[in-house]
Amino acid sequence: MGLGRIGRNLFRLLYRDPSLQLAVISDVADLEALVYLLKWDTLLGRFPEPLEVRDGVLRVAGREVRMLQAEKPGEASWGDLGIEIVVEATAQNRDRAELEKHLAAGARRVLLCSPPKDPPDRTVVMGVNDGELRAEDRIVSNASSTAHAAAPVLQILEREFGIERAFLSTVHAYSNQQRLADVPAEDKRRGRAAAENIIPQETNAGEVIVELLPGLRGRLTAAAVNVPIANGSAVDLVCWHSRPVSIEAINAAVRAVAQERLRGILGYEEDPIVSSDVLHTPESGTFDAQATMTIGDRVSKTLTWFDNGWGYAHRAVELLRRMAAFGAAGGGR
């Protein structure tokens with residue numbers, strides 16, 4: 001539900017998937033306009049296969065995907081359509097009552113691609129707390145792209161060196177929530193021209209991360225700035241530690257986990273990279289070893305780069321597989 005930036009990333013990963021069937025897409029926008037943006041994507045490039053639309057059905061690679069225009073949860077009868085899992089990729093921060101309408105309409109589970117207003121059954125970041133996912137979790141959040149980039153590094157630093165306090169700053173590419181020209185807006189900063197300004201913004205990344213790493217509750221503060229690039233972001237993390245740190249020790253700890261337990265989830269790079277070097281990478285984040293800094297032996301500063309959508313979409317698909325594996329167990333309609 002929703003074929004915006006994240007939805008189009010997910011479509012590219014799912015349309016040929018042998019184990020997950022993408023059966024229905026629902027978006028309020030005009031069908032022809034949606035297919036046009038699937039075919040010609042500024043960030044992802046031209047779609048690699050022919051796309052054909054006829055009678056409300058999108059045909060691609062020998063598969064058929066039904067197209068709907070349901071606007072709100074409950075407007076589509078998921079049970080009648082044979083849908084087991086609804087992916088909420090609308091960027092609407094819905095409350096619990098709204099999301100439960102998907103279940104009432106026949107879906108077995110709901111996967112959220114943006115943090116909801118009310119607590120879900122579970123918020124999951126793969127590689128951090130995915131082992132806690134249970135069959136009875138019906139409404140599951142895939143957190144945010146910032147949380148996916150930051151949480152693995154925070155978890156490593158907490159385990160190895162302890163964290164007494166941390167400041168997280170996201171340097172974030174602009175999104176479709178911003179404007180190309182100055183316009184009146186309730187959030188005055190968000191109304192300023194995104195491609196011309198560095199714009200301070202609030203972020204809920206701190207609240208999301210402490211759900212995953214409750215030991216950091218009361219110790220983590222987060223902020224964000226949007227910068228005038230279309231894709232490629234970074235998490236700038238400053239931590240005060242309870243045990244001694246050094247540049248070499250921090251890099252060694254992150255490298256060991258990135259190359260073993262978190263391979264494919266957390267990248268590790270020793271070359272002097274910039275934001276464009278992580279575009280279209282499937283990892284949730286890429287740790288920049290050259291950017292690691294310390295003050296004395298108790299304060300560290302690290303940098304982790306991430307693509308705004310591609311790695312996040314990979315984690316969403318992995319989470320979909322985990323949810324699908326539960327079937328209807330523990331969560332009958």
# chains A, B, ... in the order shown; residues from 1 in each chain; ligands from 1
$ closest_atom_pairs --of "region 219-307 of chain A" --to "region 315-319 of chain A" --cutoff "10 Å" --atoms "only C-alpha atoms" --output "tab-separated table"
residue	atom	partner	partner_atom	distance
A:Gly264	CA	A:Arg315	CA	10.0
A:Ile265	CA	A:Arg315	CA	8.1
A:Pro282	CA	A:Arg315	CA	8.6
A:Glu283	CA	A:Arg315	CA	8.4
A:Ser284	CA	A:Arg315	CA	7.5
$ residues_around --residues "Val86 (chain A)" --least-positions-apart "2" --cutoff "9 Å" --atoms "only C-alpha atoms" --output "MDAnalysis selection string"
chainID A and resid 1 78 83:84 88 102:103 107:112
$ write_last_selection --atoms "N, CA and C atoms" --output "PDB file, in the first residue's frame"
ATOM      1  N   MET A   1       0.856  -1.172   0.000  1.00  0.00           N
ATOM      2  CA  MET A   1       0.000   0.000   0.000  1.00  0.00           C
ATOM      3  C   MET A   1       0.895   1.226   0.000  1.00  0.00           C
ATOM      4  N   TRP A  78      -8.623  -7.468   1.800  1.00  0.00           N
ATOM      5  CA  TRP A  78      -7.411  -8.270   1.621  1.00  0.00           C
ATOM      6  C   TRP A  78      -7.702  -9.765   1.647  1.00  0.00           C
ATOM      7  N   ILE A  83      -4.546 -11.877   0.189  1.00  0.00           N
ATOM      8  CA  ILE A  83      -3.347 -11.216   0.715  1.00  0.00           C
ATOM      9  C   ILE A  83      -3.074 -11.678   2.148  1.00  0.00           C
ATOM     10  N   GLU A  84      -1.854 -12.113   2.403  1.00  0.00           N
ATOM     11  CA  GLU A  84      -1.468 -12.532   3.751  1.00  0.00           C
ATOM     12  C   GLU A  84      -0.815 -11.398   4.532  1.00  0.00           C
ATOM     13  N   GLU A  88       2.644  -1.498   4.563  1.00  0.00           N
ATOM     14  CA  GLU A  88       2.248  -0.092   4.630  1.00  0.00           C
ATOM     15  C   GLU A  88       3.452   0.765   4.263  1.00  0.00           C
ATOM     16  N   HIS A 102      -6.579  -3.208   8.568  1.00  0.00           N
ATOM     17  CA  HIS A 102      -5.995  -4.144   7.599  1.00  0.00           C
ATOM     18  C   HIS A 102      -6.282  -5.589   8.031  1.00  0.00           C
ATOM     19  N   LEU A 103      -6.135  -5.854   9.323  1.00  0.00           N
ATOM     20  CA  LEU A 103      -6.381  -7.200   9.838  1.00  0.00           C
ATOM     21  C   LEU A 103      -7.859  -7.545   9.748  1.00  0.00           C
ATOM     22  N   ALA A 107      -6.209  -9.412   6.179  1.00  0.00           N
ATOM     23  CA  ALA A 107      -4.763  -9.653   6.190  1.00  0.00           C
ATOM     24  C   ALA A 107      -4.365 -10.344   7.493  1.00  0.00           C
ATOM     25  N   ARG A 108      -3.336 -11.187   7.422  1.00  0.00           N
ATOM     26  CA  ARG A 108      -2.856 -11.854   8.632  1.00  0.00           C
ATOM     27  C   ARG A 108      -1.869 -10.986   9.402  1.00  0.00           C
ATOM     28  N   ARG A 109      -1.098 -10.183   8.652  1.00  0.00           N
ATOM     29  CA  ARG A 109      -0.059  -9.374   9.284  1.00  0.00           C
ATOM     30  C   ARG A 109       0.104  -8.067   8.512  1.00  0.00           C
ATOM     31  N   VAL A 110       0.721  -7.087   9.181  1.00  0.00           N
ATOM     32  CA  VAL A 110       0.995  -5.788   8.573  1.00  0.00           C
ATOM     33  C   VAL A 110       2.447  -5.438   8.841  1.00  0.00           C
ATOM     34  N   LEU A 111       3.157  -5.063   7.785  1.00  0.00           N
ATOM     35  CA  LEU A 111       4.542  -4.598   7.902  1.00  0.00           C
ATOM     36  C   LEU A 111       4.572  -3.108   7.621  1.00  0.00           C
ATOM     37  N   LEU A 112       5.094  -2.333   8.557  1.00  0.00           N
ATOM     38  CA  LEU A 112       5.114  -0.873   8.447  1.00  0.00           C
ATOM     39  C   LEU A 112       6.485  -0.393   7.983  1.00  0.00           C
TER      40      LEU A 112
END
$ select_by_dssp --residues "region 93-230 of chain A" --states "alpha helix (DSSP H)" --output "VMD selection string"
chain A and resid 96 to 104 145 to 161 205 to 212
$ closest_residue --among "A:Gly82, A:Gly127, A:Gly215, A:Gly56" --to "Ala149 (chain A)" --atoms "only C-alpha atoms"
A:Gly127
$ atom_distance --atom1 "CA of Glu260 (chain A)" --atom2 "CA of Pro244 (chain A)"
24.0 Å
$ atom_distance --atom1 "CA of Ala224 (chain A)" --atom2 "CA of Ser169 (chain A)"
5.3 Å
